[in-house]
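Just query02.txt here, compact mmCIF, C-alpha atoms:
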# COMPACT_ATOMS: atom_id res chain seq x y z
CA MET A 266 86.23 199.35 79.62
CA TRP A 267 88.59 199.06 82.48
CA PHE A 268 90.85 196.44 80.90
CA ASP A 269 91.61 198.55 77.89
CA LEU A 270 93.20 201.20 80.04
CA MET A 271 95.85 198.82 81.17
CA SER A 272 98.96 198.40 79.13
CA PRO A 273 101.08 195.44 80.08
CA PHE A 274 104.26 197.47 79.79
CA GLU A 275 103.32 200.52 81.80
CA THR A 276 102.57 198.74 85.00
CA ASP A 277 104.80 196.32 86.74
CA PHE A 278 104.72 193.59 89.24
CA PRO A 279 105.47 195.21 92.62
CA PHE A 280 107.30 192.15 93.86
CA PHE A 281 109.80 192.46 91.08
CA ASN A 282 113.05 193.76 92.41
CA GLU A 283 114.66 196.83 90.89
CA MET A 284 115.52 194.84 87.77
CA GLY A 285 111.86 194.43 87.08
CA PRO A 286 111.21 197.36 84.74
CA PHE A 287 114.41 196.66 82.82
CA ARG A 288 113.56 193.05 82.41
CA SER A 289 110.16 193.82 81.10
CA ALA A 290 111.52 196.35 78.60
CA LEU A 291 114.15 193.88 77.54
CA GLU A 292 111.54 191.23 77.14
CA SER A 293 109.53 193.40 74.77
CA TRP A 294 112.55 194.35 72.66
CA PHE A 295 113.40 190.74 72.39
CA ALA A 296 109.92 190.03 71.32
CA ASP A 297 110.13 192.58 68.54
CA SER A 298 113.48 191.60 67.15
CA PHE A 299 113.78 187.87 67.64
CA ASN A 300 110.56 186.33 68.67
CA ARG A 301 107.17 186.11 67.27
CA ASP A 302 105.43 187.67 70.23
CA VAL A 303 102.31 185.75 71.01
CA ARG A 304 101.13 188.54 73.28
CA ALA A 305 100.99 191.16 70.57
CA SER A 306 98.74 189.14 68.34
CA SER A 307 96.54 187.66 71.02
CA ALA A 308 95.18 191.04 72.06
CA ASN A 309 92.94 191.29 69.02
CA ARG A 310 93.43 187.88 67.49
CA PHE A 311 92.05 184.90 69.30
CA PRO A 312 92.18 182.01 68.83
CA LEU A 313 95.42 181.66 66.89
CA VAL A 314 95.17 179.20 64.03
CA ASN A 315 97.69 177.07 62.13
CA ILE A 316 96.75 175.30 58.93
CA GLY A 317 98.46 172.34 57.28
CA GLU A 318 97.77 170.20 54.24
CA THR A 319 98.44 166.65 53.10
CA GLU A 320 97.30 164.93 49.91
CA GLN A 321 94.23 163.60 51.71
CA GLU A 322 93.21 166.44 54.01
CA PHE A 323 93.61 169.88 55.51
CA ARG A 324 94.17 170.26 59.23
CA ILE A 325 93.29 173.34 61.21
CA TYR A 326 94.86 173.67 64.63
CA VAL A 327 92.89 176.11 66.74
CA PHE A 328 94.79 177.31 69.80
CA ALA A 329 92.04 177.97 72.31
CA PRO A 330 93.50 177.45 75.79
CA GLY A 331 91.08 177.65 78.68
CA VAL A 332 87.98 177.71 76.46
CA ASP A 333 85.31 175.36 77.79
CA GLN A 334 83.83 172.95 75.28
CA LYS A 335 80.37 174.44 75.90
CA ASP A 336 81.62 177.94 75.09
CA LEU A 337 83.04 177.05 71.69
CA SER A 338 81.29 176.42 68.42
CA VAL A 339 82.62 175.51 65.00
CA GLU A 340 80.18 175.91 62.11
CA ILE A 341 80.39 175.33 58.40
CA LYS A 342 78.08 177.22 56.12
CA GLU A 343 78.40 178.12 52.46
CA GLY A 344 82.07 177.32 52.27
CA LEU A 345 82.93 179.28 55.41
CA LEU A 346 84.18 177.76 58.61
CA THR A 347 83.36 179.94 61.58
CA ILE A 348 84.82 179.56 65.03
CA THR A 349 82.96 181.46 67.74
CA GLY A 350 83.02 181.40 71.49
CA LYS A 351 83.98 183.19 74.64
CA ARG A 352 86.59 182.97 77.30
CA THR A 353 86.43 184.69 80.65
CA THR A 354 89.84 185.13 82.17
CA THR A 355 88.99 187.85 84.67
CA THR A 356 85.78 187.87 86.66
CA GLU A 357 84.14 190.71 88.59
CA LYS A 358 85.18 188.87 91.72
CA ASP A 359 88.84 188.89 90.64
CA ILE A 360 88.69 192.62 90.05
CA LYS A 361 87.11 193.22 93.42
CA GLU A 362 89.27 190.89 95.45
CA SER A 363 92.66 191.22 93.87
CA THR A 364 95.04 193.75 92.37
CA ILE A 365 95.63 193.13 88.68
CA TYR A 366 99.15 193.81 87.44
CA ARG A 367 99.08 192.33 83.99
CA GLN A 368 96.31 191.31 81.72
CA GLU A 369 97.68 190.09 78.43
CA ARG A 370 95.43 187.09 77.88
CA PHE A 371 92.37 187.40 75.70
CA ASN A 372 89.17 188.03 77.64
CA GLY A 373 85.75 188.08 76.02
CA GLU A 374 83.98 186.86 72.90
CA PHE A 375 85.76 185.84 69.75
CA LEU A 376 84.99 185.04 66.12
CA ARG A 377 87.23 183.83 63.33
CA THR A 378 86.20 182.89 59.84
CA LEU A 379 88.14 180.81 57.34
CA SER A 380 87.05 180.24 53.79
CA LEU A 381 87.29 176.62 52.77
CA PRO A 382 88.71 175.53 49.44
CA ASP A 383 86.32 173.72 47.10
CA SER A 384 88.29 170.52 47.50
CA VAL A 385 87.07 170.06 51.09
CA ASP A 386 84.15 167.75 51.78
CA PRO A 387 82.15 169.80 54.32
CA ASP A 388 80.22 166.77 55.61
CA ALA A 389 83.33 164.87 56.55
CA ILE A 390 84.92 167.42 58.89
CA THR A 391 85.76 166.15 62.37
CA GLY A 392 87.37 167.72 65.40
CA GLN A 393 89.06 166.81 68.63
CA ALA A 394 90.40 168.81 71.56
CA LYS A 395 93.53 168.22 73.61
CA ASN A 396 95.60 170.47 75.89
CA GLY A 397 93.76 173.56 74.69
CA VAL A 398 94.28 172.84 70.99
CA ILE A 399 91.34 171.88 68.79
CA THR A 400 92.39 169.88 65.76
CA LEU A 401 89.93 170.02 62.87
CA ILE A 402 90.43 167.43 60.16
CA LEU A 403 88.98 168.40 56.78
CA PRO A 404 89.18 165.51 54.32
CA LYS A 405 89.36 166.40 50.64
CA LYS A 406 86.64 165.19 48.34
CA ALA A 407 87.24 161.61 47.30
CA ALA A 408 87.31 162.56 43.60
CA LEU A 409 90.21 164.95 44.22
CA GLN A 410 92.38 162.59 46.21
CA PRO A 411 95.26 160.85 44.49
CA LYS A 412 94.30 157.36 43.43
CA ARG A 413 96.38 154.32 43.13
CA VAL A 414 95.64 152.36 40.00
CA GLU A 415 95.82 148.69 40.54
CA VAL A 416 97.42 146.82 37.70
CA ARG A 417 96.67 143.14 37.62
CA ALA A 418 98.53 140.54 35.71
CA ALA A 419 96.62 139.35 32.68
CA MET B 234 87.42 189.36 63.13
CA THR B 235 89.53 187.94 60.39
CA GLN B 236 88.91 186.14 57.19
CA GLN B 237 91.51 184.05 55.52
CA GLN B 238 91.86 182.07 52.39
CA LEU B 239 92.59 178.50 53.28
CA SER B 240 93.53 177.39 49.83
CA ALA B 241 97.19 176.76 49.23
CA ARG B 242 96.88 177.30 45.50
CA GLY B 243 99.03 180.02 44.03
CA LYS B 244 101.46 180.03 46.93
CA PRO B 245 105.14 180.09 46.07
CA ALA B 246 106.87 176.74 46.34
CA SER B 247 109.07 177.91 49.19
CA THR B 248 106.15 178.42 51.57
CA THR B 249 104.32 175.24 50.75
CA ALA B 250 107.55 173.30 51.02
CA GLU B 251 107.93 174.35 54.63
CA ARG B 252 106.80 171.86 57.19
CA ALA B 253 103.57 172.70 58.94
CA GLN B 254 103.88 174.77 62.07
CA PRO B 255 104.36 174.20 64.89
CA VAL B 256 107.09 171.66 64.46
CA THR B 257 110.25 170.93 66.37
CA ARG B 258 113.09 172.77 64.73
CA ARG B 259 116.77 172.63 65.40
CA GLU B 260 116.67 176.22 66.62
CA PRO B 261 113.21 176.68 67.99
CA THR B 262 111.67 180.13 67.98
CA MET B 263 110.80 181.07 71.50
CA LEU B 264 107.14 181.73 72.13
CA LEU B 265 106.30 184.17 74.90
CA PRO B 266 103.06 183.03 76.44
CA PRO B 267 100.66 185.86 77.33
CA VAL B 268 100.10 186.11 81.08
CA ASP B 269 97.70 187.56 83.61
CA ILE B 270 99.18 188.42 86.98
CA ARG B 271 97.21 189.38 90.04
CA GLU B 272 97.70 189.58 93.76
CA THR B 273 95.35 188.69 96.56
CA GLY B 274 95.90 189.10 100.28
CA GLU B 275 97.59 185.72 100.49
CA ALA B 276 99.16 185.01 97.12
CA ILE B 277 100.42 186.09 93.73
CA LEU B 278 98.60 184.31 90.91
CA ILE B 279 100.06 183.90 87.45
CA GLU B 280 98.08 182.46 84.56
CA ALA B 281 99.75 181.72 81.22
CA ASP B 282 98.31 180.55 77.90
CA MET B 283 100.35 177.56 76.77
CA PRO B 284 98.16 175.58 74.37
CA GLY B 285 99.55 172.26 73.19
CA VAL B 286 101.72 171.73 76.25
CA SER B 287 101.25 168.46 78.09
CA PRO B 288 102.00 168.14 81.82
CA ASP B 289 105.14 166.09 81.18
CA SER B 290 106.71 168.70 78.89
CA LEU B 291 106.00 171.53 81.31
CA LYS B 292 108.62 172.97 83.62
CA VAL B 293 107.95 175.45 86.40
CA GLU B 294 111.10 176.33 88.26
CA ILE B 295 112.18 178.84 90.84
CA ALA B 296 115.87 179.57 91.32
CA ASP B 297 117.69 182.70 92.44
CA GLU B 298 114.46 184.67 92.73
CA ARG B 299 113.68 183.83 89.14
CA LEU B 300 110.53 182.01 88.20
CA THR B 301 110.70 180.21 84.87
CA LEU B 302 107.73 178.85 82.98
CA GLU B 303 108.69 176.55 80.13
CA GLY B 304 106.96 174.02 77.92
CA THR B 305 106.94 172.38 74.53
CA LEU B 306 104.05 172.72 72.13
CA ALA B 307 103.20 169.37 70.58
CA VAL B 308 100.31 168.52 68.29
CA ASP B 309 99.63 165.51 66.13
CA LEU B 310 101.15 166.31 62.73
CA PRO B 311 100.90 163.86 59.83
CA GLU B 312 104.30 163.06 58.35
CA SER B 313 103.65 164.47 54.89
CA MET B 314 101.96 167.71 55.98
CA THR B 315 102.99 171.07 54.59
CA SER B 316 102.17 174.44 56.10
CA VAL B 317 99.44 176.54 54.55
CA ASP B 318 99.29 179.28 57.15
CA ALA B 319 100.59 179.68 60.68
CA ASP B 320 99.82 182.26 63.36
CA LEU B 321 102.01 180.38 65.81
CA ARG B 322 105.54 179.75 64.62
CA GLY B 323 107.67 177.90 67.08
CA SER B 324 107.28 175.12 69.55
CA HIS B 325 108.97 176.21 72.72
CA TYR B 326 107.30 178.45 75.27
CA GLN B 327 109.36 180.28 77.81
CA ARG B 328 108.83 183.19 80.14
CA GLN B 329 110.68 184.35 83.20
CA PHE B 330 109.83 186.61 86.10
CA THR B 331 111.95 188.00 88.87
CA LEU B 332 110.41 187.71 92.29
CA GLY B 333 111.13 189.54 95.52
CA ARG B 334 112.92 187.16 97.83
CA GLN B 335 111.22 188.42 100.96
CA ALA B 336 107.65 188.23 99.80
CA ILE B 337 107.27 184.73 98.39
CA ASP B 338 107.51 181.52 100.35
CA PRO B 339 109.47 179.25 97.97
CA GLU B 340 108.15 176.15 99.71
CA ARG B 341 104.58 177.04 98.90
CA ILE B 342 104.31 177.35 95.15
CA HIS B 343 101.57 175.47 93.43
CA ALA B 344 101.23 174.92 89.67
CA GLU B 345 98.38 173.41 87.70
CA LEU B 346 98.04 172.88 83.96
CA LYS B 347 94.57 172.48 82.56
CA ASN B 348 93.29 172.73 79.02
CA GLY B 349 96.39 174.62 77.87
CA VAL B 350 96.37 177.17 80.70
CA LEU B 351 99.05 177.14 83.38
CA ARG B 352 98.10 178.53 86.79
CA VAL B 353 100.85 179.19 89.27
CA SER B 354 100.06 180.39 92.76
CA LEU B 355 102.85 181.77 94.88
CA GLN B 356 101.90 182.04 98.52
CA LYS B 357 103.18 185.08 100.33
CA ARG B 358 105.12 184.76 103.54
CA GLU B 359 103.15 185.41 106.70
CA SER B 360 104.93 188.74 107.15
CA HIS B 361 103.65 190.00 103.76
CA ARG B 362 100.04 188.94 104.05
CA ALA B 363 97.14 191.27 104.31
CA ARG B 364 95.91 191.45 107.86
CA ARG B 365 93.19 193.25 109.61
CA ILE B 366 94.26 195.54 112.37
CA PRO B 367 91.96 195.45 115.34
CA ILE B 368 90.86 198.89 116.44
CA THR B 369 90.14 199.39 120.10
CA SER B 370 87.85 202.14 121.12
Using structure tokens, write down the structure from this file.
Amino acid sequence: MWFDLMSPFETDFPFFNEMGPFRSALESWFADSFNRDVRASSANRFPLVNIGETEQEFRIYVFAPGVDQKDLSVEIKEGLLTITGKRTTTTEKDIKESTIYRQERFNGEFLRTLSLPDSVDPDAITGQAKNGVITLILPKKAALQPKRVEVRAA
Amino acid sequence: MTQQQLSARGKPASTTAERAQPVTRREPTMLLPPVDIRETGEAILIEADMPGVSPDSLKVEIADERLTLEGTLAVDLPESMTSVDADLRGSHYQRQFTLGRQAIDPERIHAELKNGVLRVSLQKRESHRARRIPITS
């Protein structure tokens, strides 16, 4: 495929001045030594996912910028949570009508699978989307949540 | 295609004790948003993935031929949450580009943030636009 032939570091933006190539090399060194480079992982890993836990629930933050609601599906089956969808960042028209200098953003279909711990109640999972982040809330089963014992005066 | 174990059981205390990512740290790790850059006859178009950035935390600035894209990743994190796993570590996005002074009209830069994607269009000056040359026979 055409896109695969393009490495973000071999081409450069022609409107960059002579510092351009240096800057871009510097940027990639920086990425390796100091930063967690989002670009490196996004090439074959999309969407990125962060997971957190409280006593009551797990939360999965799915970073899916520019993915239309209709192109995304989250399914739970047999203890597996599957996120599938597609994102089109470059159309045939773009290729025909413009010159592409960099293409680092994920383009195409994606699938990620997470195995759920037994403590999650699969029927109680909810989700909401904001600013390209989908937050999935996975409540733990009621029996496994910490309980407060009420002590009444006799 | 990846499969991960969501369970936090068996993790060393040091990792579960960490606050869930992304969070605001004292020294934030810089995130480099992936970008697509293309040029049409009239403009340079830059698209950057910046999920979790709201319009009021976004900064698009041009100074000294340098275009800076900056934003803060913010999601709703419960107070007592601990991190189980994080692909994205950090909360501050930043990326800079150097632009040719002659080509871009600094008065005609347009930026739009939608669903976590920033689109910046930089209109070229008249002198740098594609034009059709009339051929007389």
Given a cut-off of 8 Å, which residues of chain B touch chain A, counting all atoms listed in the file, written out as a ChimeraX atom specification? /B:234-240,253-255,262-274,281-287,308,311,313-322,330-333,336,347-350
(81.1, 180.1, 73.6) in this file's frame - what residues fall within 10 Å of it? Use all atoms listed in the file and give the answer as a PyMOL selection string. chain A and resi 332-339+348-353+373-376
Please return the centre and edge lengths, in Å to one decimal, of a box with edges along x, y and z that contains all listed atoms of segment 299-317 of chain B, widened by 3 Å on every side, as lines of an AutoDock Vina configuration file.
center_x = 106.6
center_y = 173.4
center_z = 71.8
size_x = 20.2
size_y = 26.8
size_z = 40.6
In Å to one decimal, how far is atom CA of His343 of chain B from atom CA of Gln356 of chain B?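 Separating atom CA of Gln356 of chain B from atom CA of His343 of chain B is a distance of 8.3 Å.
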6 Å contact set for segment 327-329 of chain B, all atoms listed in the file, chain neighbours under 5 positions out, as JSON, numbers by chain: {"B": [265, 300, 301, 302, 303]}
For a test of reading the model, state the distance in Å between atom CA of Lys406 of chain A and atom CA of Gln393 of chain A, rounded to one decimal. 20.5 Å
If I take atom CA of Arg299 of chain B and atom CA of Ser324 of chain B, how far is one from the other in Å, to one decimal?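 Between these atoms lies a distance of 22.4 Å.
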